[in-house]
Amino acid sequence: MMSASLDETVGETVGETVGETASFDPFELQDTVTGDIRDPYPRMADLRRQSAVHFGNIDFTGSDDPEPSLVSEVPVPVSVFGHDEVVSVLRDDRTYSSTVYEGIMGVVMGPTILQMDAPRHKVQRALVSPAFRSRILERWETELVRSVVDDLIDAFAARGRADLVRELNFGFPVQVIARILGLPMVDYPKFQEWTIGLISVASNWDRAMAASEELRVYLTAVIEQRRRQPADDLISDLVVAEIEGERLSDEDILAFLRLLLPAGVETTYRATGNLLFGLLQHPEQLEALRNDRALFPQAFEESLRWEPPVTVILRKTLKDAVLGGVPIPANSDVGLFLGAANRDDRRYADPDTFDMFRQAQQHVGFGFGVHMCLGMHLARMEARVAVNAILDRLDDIRFDPDADDDPHIHGMAFRSPTSLPVCFSPR
Amino acid sequence: MVQDRLPDERIAVLSLQILIDRDKCMGSGNCVFWAPGIFDLGDDGISVVLDPAEGEERQMFLAQEGCPTRAISLWRDGVEVTSP
Ligand code: HEM
Ligand code: SF4
């Protein structure tokens, strides 16, 4: 979502808009949203070896993807591939502005914190932050997340095999965020559909605008209702939040809620999938985690380093700048390749290997600087609860050798496994 | 024990001192993630040093490096230090 401009060239190649009445397959739009690229990393490493900062369009399809390039005309004039350079950009928010998102996600979400610069960003972020602190989230862990995950696992535990992407990962983050917001359960399927509608803004304008409008109508009614009758949920908290006389308008709240859907749903289900993929590919690491759950934080952070679900974020230079010795003119769009930064071999030894035992190091999978992911503690908790439930309940879990599938992580703007066909001892 | 700290207050830990710049801290909680026990968020959402003895030096460097807004600095004998 944060990197939607990468997909702008996808539009032409996708079919027509899918009618809202057609039965909705949540996977229908995945390729148009992500870009169907299997392994962009060798190319990124090549580019980085040439220079950490590049100008002009970049073709990522030189690898094993036979399709004509979906992103051959990446409309991002400057691309950054080095870790330290990405971190410098994200720490210098006075030079590198987030207003670049106004013309992309801002169109469907409204003015969210994602696209704000200081000082407005600081005020608004402080207003929405309390609900996302780890201590506040503890309450949701037992009350909500574990039961959502257990219900989903119940549906296939006796079968002995499942596709964890479709049957578990895709379903739980949307339920969690909807319940934290305080929305009724019957609306969840609609919710997921709107979410995908929003993030396909670059590839399917009509669909995105329709989803945006439906969400506006739906959420405006909820906000009004909570103003009259506060409940024990996030929307009610936002309605009354106040810091030093500053409050959130209905428009602010609406925009923020529209941001939360894609930011909290798409990312978390993908991140959980990438971690499970790494573990299933390395059974010895899976076993180590099964035996010592205290290893979870390092396993998840390693998966976010190795395969960050959001691979590119954007900024725009407000003035002339110099990055890694390279001059960048004012008003340039700057694409920050988080995936490339996370595999910078000047910082991480053997960067392409998933190894949860490597010495912990900060990564940029959640971004960095003042816009660093607001939901990272929630995402960490959700992924932990889901993986723990899998390890507790699905004995002997492994890739299903009989599934005639070729599970692999793919995508460009977003990356996650196509499927996770597993088998385990039925209970 | 949570202690209120002024921006320039430094705490002796073994030989490492932690300084939190309250104006720069955005309350991300990332330091609490990397070094629980050493850091916590106060009621105002700004980081505080809880108990510097509650972790290893390595964790302090992780927190310093992982702070998105460079609000944490580490000092040894009056000299600022970064991850070895
Ligand atoms: C593992 C899962 C997640 C990943 C990889 C992820 C990644 C990111 C990244 C890279 C950014 C920075 C964007 C930029 O600077 O341009 C970001 C920002 C954000 N994320 Fe996440 N995210 C995840 C989960 C969540 C969840 C669960 C929520 C909320 C429920 C959330 C809410 C947000 C919000 C509101 C922002 C904007 C913050 C700001 O602009 O100040 N994210 N996320
Ligand atoms: S990591 Fe930095 S910004 Fe985040 S809470 Fe700690 S000191 Fe504050």
# chains A, B, ... in the order shown; residues from 1 in each chain; ligands from 1
call {"tool": "residues_around", "arguments": {"residues": "Ser73 (chain B)", "least_positions_apart": "3", "cutoff": "8 Å", "atoms": "only C-alpha atoms", "output": "NGL selection string"}}
result
:B and (18-20 or 64 or 70 or 80-81)
call {"tool": "write_last_selection", "arguments": {"atoms": "N, CA, C and O atoms", "output": "short mmCIF file (atom, residue, chain, number, x, y, z; two decimals), in the first residue's frame"}}
result
data_model
loop_
_atom_site.label_atom_id
_atom_site.label_comp_id
_atom_site.auth_asym_id
_atom_site.auth_seq_id
_atom_site.Cartn_x
_atom_site.Cartn_y
_atom_site.Cartn_z
N ILE B 18 23.05 5.75 30.13
CA ILE B 18 21.98 5.90 29.14
C ILE B 18 21.40 7.31 29.25
O ILE B 18 21.08 7.76 30.35
N LEU B 19 21.25 7.94 28.09
CA LEU B 19 20.64 9.26 28.07
C LEU B 19 19.47 9.25 27.10
O LEU B 19 19.61 8.81 25.95
N ILE B 20 18.30 9.65 27.58
CA ILE B 20 17.14 9.72 26.69
C ILE B 20 16.78 11.19 26.45
O ILE B 20 16.57 11.94 27.40
N GLN B 64 19.66 1.46 21.35
CA GLN B 64 20.19 2.72 20.83
C GLN B 64 20.10 2.73 19.30
O GLN B 64 19.61 3.67 18.68
N ARG B 70 16.67 8.47 17.10
CA ARG B 70 17.96 8.74 17.76
C ARG B 70 17.79 9.48 19.08
O ARG B 70 18.52 10.44 19.35
N GLU B 80 30.53 9.56 24.16
CA GLU B 80 29.42 8.84 23.54
C GLU B 80 29.96 7.61 22.79
O GLU B 80 30.95 7.69 22.06
N VAL B 81 29.28 6.48 22.95
CA VAL B 81 29.73 5.25 22.29
C VAL B 81 28.61 4.65 21.45
O VAL B 81 27.43 4.83 21.75
#
call {"tool": "interface_residues", "arguments": {"of": "chain B", "to": "chain A", "cutoff": "7 Å", "atoms": "only C-alpha atoms", "output": "list in words"}}
result
Met26, Leu62, Glu65, Gly66, Pro68 and Thr69 of chain B
call {"tool": "residues_near_ligand", "arguments": {"ligand": "ligand 1", "cutoff": "8 Å", "atoms": "only C-alpha atoms and all ligand atoms", "output": "PyMOL selection string"}}
result
chain A and resi 2-3+90+98+112-116+121+125+132+173+177+256+259-261+263-272+304+308-315+338+364-380+383
call {"tool": "atom_distance", "arguments": {"atom1": "CA of Arg166 (chain A)", "atom2": "CA of Val201 (chain A)"}}
result
23.0 Å
call {"tool": "residues_near_ligand", "arguments": {"ligand": "ligand 2", "cutoff": "7 Å", "atoms": "only C-alpha atoms and all ligand atoms", "output": "MDAnalysis selection string"}}
result
chainID B and resid 20 24:32 41 46:47 63 66:72
call {"tool": "write_last_selection", "arguments": {"atoms": "all heavy atoms", "output": "compact mmCIF listing (two decimals), in the first residue's frame"}}
result
# COMPACT_ATOMS: atom_id res chain seq x y z
N ILE B 20 18.30 9.65 27.58
CA ILE B 20 17.14 9.72 26.69
C ILE B 20 16.78 11.19 26.45
O ILE B 20 16.57 11.94 27.40
CB ILE B 20 15.92 9.00 27.31
CG1 ILE B 20 16.23 7.51 27.41
CG2 ILE B 20 14.68 9.21 26.44
CD1 ILE B 20 15.18 6.75 28.19
N LYS B 24 13.20 14.25 21.49
CA LYS B 24 13.31 13.45 20.28
C LYS B 24 12.48 12.17 20.35
O LYS B 24 12.07 11.63 19.34
CB LYS B 24 14.78 13.07 20.05
CG LYS B 24 15.62 14.18 19.45
CD LYS B 24 16.95 13.60 19.00
CE LYS B 24 17.94 14.69 18.59
NZ LYS B 24 19.31 14.17 18.63
N CYS B 25 12.25 11.65 21.55
CA CYS B 25 11.53 10.38 21.69
C CYS B 25 10.12 10.51 21.13
O CYS B 25 9.38 11.41 21.46
CB CYS B 25 11.47 9.97 23.15
SG CYS B 25 10.43 8.51 23.42
N MET B 26 9.76 9.58 20.23
CA MET B 26 8.41 9.60 19.64
C MET B 26 7.54 8.52 20.27
O MET B 26 6.44 8.25 19.80
CB MET B 26 8.51 9.36 18.14
CG MET B 26 9.08 7.99 17.81
SD MET B 26 9.09 7.57 16.06
CE MET B 26 7.37 7.28 15.75
N GLY B 27 8.04 7.84 21.30
CA GLY B 27 7.23 6.83 21.97
C GLY B 27 6.99 5.58 21.15
O GLY B 27 5.96 4.93 21.30
N SER B 28 7.93 5.22 20.30
CA SER B 28 7.74 4.04 19.45
C SER B 28 7.70 2.75 20.25
O SER B 28 7.12 1.77 19.83
CB SER B 28 8.87 3.94 18.43
OG SER B 28 10.07 3.53 19.07
N GLY B 29 8.36 2.75 21.41
CA GLY B 29 8.42 1.54 22.21
C GLY B 29 9.40 0.51 21.69
O GLY B 29 9.47 -0.60 22.21
N ASN B 30 10.18 0.88 20.71
CA ASN B 30 11.12 -0.10 20.17
C ASN B 30 12.24 -0.43 21.16
O ASN B 30 12.73 -1.55 21.19
CB ASN B 30 11.71 0.42 18.85
CG ASN B 30 11.95 -0.70 17.86
OD1 ASN B 30 11.26 -1.72 17.89
ND2 ASN B 30 12.94 -0.53 17.01
N CYS B 31 12.62 0.55 21.98
CA CYS B 31 13.65 0.27 22.98
C CYS B 31 13.13 -0.75 23.99
O CYS B 31 13.87 -1.61 24.46
CB CYS B 31 14.09 1.55 23.69
SG CYS B 31 12.73 2.56 24.32
N VAL B 32 11.84 -0.66 24.32
CA VAL B 32 11.25 -1.59 25.27
C VAL B 32 11.24 -3.00 24.67
O VAL B 32 11.42 -4.00 25.36
CB VAL B 32 9.81 -1.17 25.65
CG1 VAL B 32 9.26 -2.04 26.76
CG2 VAL B 32 9.77 0.30 26.03
N LEU B 41 7.85 2.62 28.76
CA LEU B 41 7.22 3.89 28.39
C LEU B 41 6.50 4.45 29.61
O LEU B 41 5.80 3.72 30.31
CB LEU B 41 6.21 3.69 27.25
CG LEU B 41 6.77 3.29 25.88
CD1 LEU B 41 5.68 3.38 24.83
CD2 LEU B 41 7.96 4.17 25.49
N ILE B 46 6.46 8.53 26.71
CA ILE B 46 7.88 8.80 26.43
C ILE B 46 8.72 7.78 27.22
O ILE B 46 8.39 7.41 28.34
CB ILE B 46 8.24 10.24 26.85
CG1 ILE B 46 7.36 11.25 26.09
CG2 ILE B 46 9.72 10.53 26.61
CD1 ILE B 46 7.51 11.22 24.59
N SER B 47 9.82 7.38 26.60
CA SER B 47 10.65 6.33 27.19
C SER B 47 11.30 6.77 28.50
O SER B 47 11.72 7.92 28.65
CB SER B 47 11.73 5.94 26.19
OG SER B 47 12.62 5.02 26.78
N ALA B 63 18.95 -1.21 21.52
CA ALA B 63 17.93 -0.18 21.74
C ALA B 63 18.39 1.15 21.15
O ALA B 63 17.63 1.86 20.49
CB ALA B 63 17.64 -0.03 23.23
N GLY B 66 18.27 0.82 17.47
CA GLY B 66 16.90 0.61 17.00
C GLY B 66 15.99 1.79 17.25
O GLY B 66 14.83 1.77 16.83
N CYS B 67 16.47 2.81 17.93
CA CYS B 67 15.61 3.97 18.18
C CYS B 67 15.42 4.75 16.88
O CYS B 67 16.39 5.25 16.32
CB CYS B 67 16.20 4.89 19.25
SG CYS B 67 15.20 6.39 19.43
N PRO B 68 14.17 4.83 16.42
CA PRO B 68 13.93 5.43 15.10
C PRO B 68 14.25 6.91 15.03
O PRO B 68 14.44 7.45 13.94
CB PRO B 68 12.44 5.19 14.86
CG PRO B 68 11.84 4.95 16.21
CD PRO B 68 12.94 4.33 17.04
N THR B 69 14.30 7.57 16.16
CA THR B 69 14.53 9.02 16.13
C THR B 69 15.80 9.42 16.87
O THR B 69 15.97 10.58 17.24
CB THR B 69 13.33 9.78 16.73
OG1 THR B 69 13.04 9.20 18.01
CG2 THR B 69 12.11 9.66 15.84
N ARG B 70 16.67 8.47 17.10
CA ARG B 70 17.96 8.74 17.76
C ARG B 70 17.79 9.48 19.08
O ARG B 70 18.52 10.44 19.35
CB ARG B 70 18.82 9.59 16.82
CG ARG B 70 20.02 8.82 16.29
CD ARG B 70 21.07 9.78 15.84
NE ARG B 70 20.94 10.10 14.43
CZ ARG B 70 21.64 9.50 13.47
NH1 ARG B 70 22.50 8.56 13.77
NH2 ARG B 70 21.47 9.82 12.21
N ALA B 71 16.85 9.02 19.87
CA ALA B 71 16.63 9.67 21.16
C ALA B 71 17.50 9.08 22.26
O ALA B 71 17.62 9.65 23.34
CB ALA B 71 15.14 9.56 21.55
N ILE B 72 18.09 7.92 21.98
CA ILE B 72 18.90 7.25 23.00
C ILE B 72 20.38 7.40 22.68
O ILE B 72 20.81 7.12 21.57
CB ILE B 72 18.57 5.74 23.05
CG1 ILE B 72 17.09 5.53 23.36
CG2 ILE B 72 19.46 5.02 24.08
CD1 ILE B 72 16.65 4.08 23.25
call {"tool": "select_by_dssp", "arguments": {"residues": "region 303-384 of chain A", "states": "strand (DSSP E or B)", "output": "PyMOL selection string"}}
result
chain A and resi 310+312-317+321-323+326-328+333-337
call {"tool": "write_last_selection", "arguments": {"atoms": "all heavy atoms", "output": "compact mmCIF listing (two decimals), in the first residue's frame"}}
result
# COMPACT_ATOMS: atom_id res chain seq x y z
N VAL A 310 6.37 -5.36 3.22
CA VAL A 310 6.33 -4.09 2.48
C VAL A 310 7.76 -3.85 2.01
O VAL A 310 8.64 -3.59 2.82
CB VAL A 310 5.88 -2.93 3.37
CG1 VAL A 310 5.87 -1.62 2.59
CG2 VAL A 310 4.51 -3.19 3.97
N VAL A 312 8.93 -1.66 -0.42
CA VAL A 312 9.32 -0.31 -0.85
C VAL A 312 8.44 0.73 -0.18
O VAL A 312 7.22 0.56 -0.12
CB VAL A 312 9.14 -0.13 -2.38
CG1 VAL A 312 9.85 1.13 -2.84
CG2 VAL A 312 9.64 -1.33 -3.14
N ILE A 313 9.02 1.80 0.32
CA ILE A 313 8.23 2.95 0.75
C ILE A 313 8.76 4.19 0.04
O ILE A 313 9.82 4.13 -0.58
CB ILE A 313 8.21 3.12 2.29
CG1 ILE A 313 9.61 3.32 2.84
CG2 ILE A 313 7.54 1.92 2.95
CD1 ILE A 313 9.64 3.58 4.35
N LEU A 314 8.01 5.28 0.11
CA LEU A 314 8.34 6.45 -0.71
C LEU A 314 8.54 7.72 0.11
O LEU A 314 7.95 7.88 1.18
CB LEU A 314 7.20 6.71 -1.71
CG LEU A 314 6.85 5.57 -2.67
CD1 LEU A 314 5.63 5.96 -3.49
CD2 LEU A 314 8.02 5.25 -3.57
N ARG A 315 9.36 8.59 -0.41
CA ARG A 315 9.51 9.93 0.12
C ARG A 315 9.71 10.88 -1.05
O ARG A 315 9.93 10.45 -2.18
CB ARG A 315 10.71 10.03 1.07
CG ARG A 315 10.58 9.22 2.35
CD ARG A 315 9.49 9.75 3.26
NE ARG A 315 9.46 9.06 4.56
CZ ARG A 315 8.72 7.98 4.82
NH1 ARG A 315 7.95 7.44 3.89
NH2 ARG A 315 8.75 7.43 6.01
N LYS A 316 9.65 12.18 -0.73
CA LYS A 316 9.89 13.19 -1.77
C LYS A 316 10.82 14.24 -1.19
O LYS A 316 10.63 14.69 -0.06
CB LYS A 316 8.55 13.82 -2.14
CG LYS A 316 8.58 14.86 -3.21
CD LYS A 316 7.24 15.60 -3.20
CE LYS A 316 6.75 15.99 -4.57
NZ LYS A 316 6.40 14.91 -5.46
N THR A 317 11.85 14.65 -1.97
CA THR A 317 12.78 15.65 -1.44
C THR A 317 12.14 17.03 -1.45
O THR A 317 11.59 17.46 -2.46
CB THR A 317 14.08 15.72 -2.28
OG1 THR A 317 13.72 15.74 -3.67
CG2 THR A 317 14.98 14.54 -2.01
N ALA A 321 19.42 17.58 -1.94
CA ALA A 321 20.00 16.74 -0.90
C ALA A 321 21.19 15.98 -1.46
O ALA A 321 21.37 15.91 -2.68
CB ALA A 321 18.95 15.76 -0.39
N VAL A 322 21.99 15.43 -0.57
CA VAL A 322 23.08 14.55 -0.98
C VAL A 322 22.94 13.26 -0.18
O VAL A 322 22.83 13.29 1.04
CB VAL A 322 24.46 15.19 -0.71
CG1 VAL A 322 25.56 14.22 -1.10
CG2 VAL A 322 24.59 16.51 -1.46
N LEU A 323 22.92 12.15 -0.89
CA LEU A 323 22.72 10.87 -0.21
C LEU A 323 23.80 9.88 -0.67
O LEU A 323 23.91 9.60 -1.86
CB LEU A 323 21.33 10.33 -0.55
CG LEU A 323 20.94 9.01 0.13
CD1 LEU A 323 20.93 9.15 1.64
CD2 LEU A 323 19.58 8.54 -0.38
N VAL A 326 25.74 11.07 -3.42
CA VAL A 326 25.05 11.35 -4.68
C VAL A 326 24.09 12.53 -4.50
O VAL A 326 23.23 12.50 -3.63
CB VAL A 326 24.24 10.11 -5.15
CG1 VAL A 326 23.53 10.39 -6.46
CG2 VAL A 326 25.13 8.89 -5.25
N PRO A 327 24.20 13.57 -5.33
CA PRO A 327 23.27 14.70 -5.22
C PRO A 327 21.88 14.34 -5.74
O PRO A 327 21.76 13.70 -6.80
CB PRO A 327 23.90 15.78 -6.10
CG PRO A 327 25.16 15.22 -6.66
CD PRO A 327 25.20 13.76 -6.40
N ILE A 328 20.85 14.71 -4.99
CA ILE A 328 19.47 14.47 -5.41
C ILE A 328 18.76 15.82 -5.44
O ILE A 328 18.74 16.53 -4.44
CB ILE A 328 18.74 13.54 -4.42
CG1 ILE A 328 19.47 12.19 -4.33
CG2 ILE A 328 17.29 13.32 -4.84
CD1 ILE A 328 18.85 11.25 -3.32
N ASP A 333 10.91 12.12 -6.40
CA ASP A 333 10.31 10.99 -5.69
C ASP A 333 11.45 10.02 -5.37
O ASP A 333 12.26 9.71 -6.23
CB ASP A 333 9.29 10.27 -6.57
CG ASP A 333 7.98 11.03 -6.63
OD1 ASP A 333 7.90 12.12 -6.06
OD2 ASP A 333 7.03 10.52 -7.27
N VAL A 334 11.47 9.56 -4.13
CA VAL A 334 12.55 8.67 -3.71
C VAL A 334 11.95 7.35 -3.22
O VAL A 334 11.17 7.34 -2.27
CB VAL A 334 13.39 9.32 -2.58
CG1 VAL A 334 14.55 8.42 -2.18
CG2 VAL A 334 13.90 10.69 -3.02
N GLY A 335 12.29 6.25 -3.88
CA GLY A 335 11.81 4.93 -3.47
C GLY A 335 12.84 4.27 -2.57
O GLY A 335 14.01 4.14 -2.94
N LEU A 336 12.42 3.89 -1.38
CA LEU A 336 13.34 3.26 -0.44
C LEU A 336 13.09 1.76 -0.45
O LEU A 336 12.01 1.31 -0.02
CB LEU A 336 13.12 3.83 0.96
CG LEU A 336 13.20 5.36 1.05
CD1 LEU A 336 12.77 5.84 2.43
CD2 LEU A 336 14.60 5.83 0.71
N PHE A 337 14.04 1.01 -0.93
CA PHE A 337 13.86 -0.45 -1.04
C PHE A 337 14.24 -1.12 0.27
O PHE A 337 15.39 -1.43 0.53
CB PHE A 337 14.66 -0.98 -2.23
CG PHE A 337 14.00 -0.67 -3.54
CD1 PHE A 337 14.01 0.63 -4.04
CD2 PHE A 337 13.33 -1.65 -4.25
CE1 PHE A 337 13.36 0.94 -5.24
CE2 PHE A 337 12.68 -1.35 -5.45
CZ PHE A 337 12.69 -0.05 -5.94
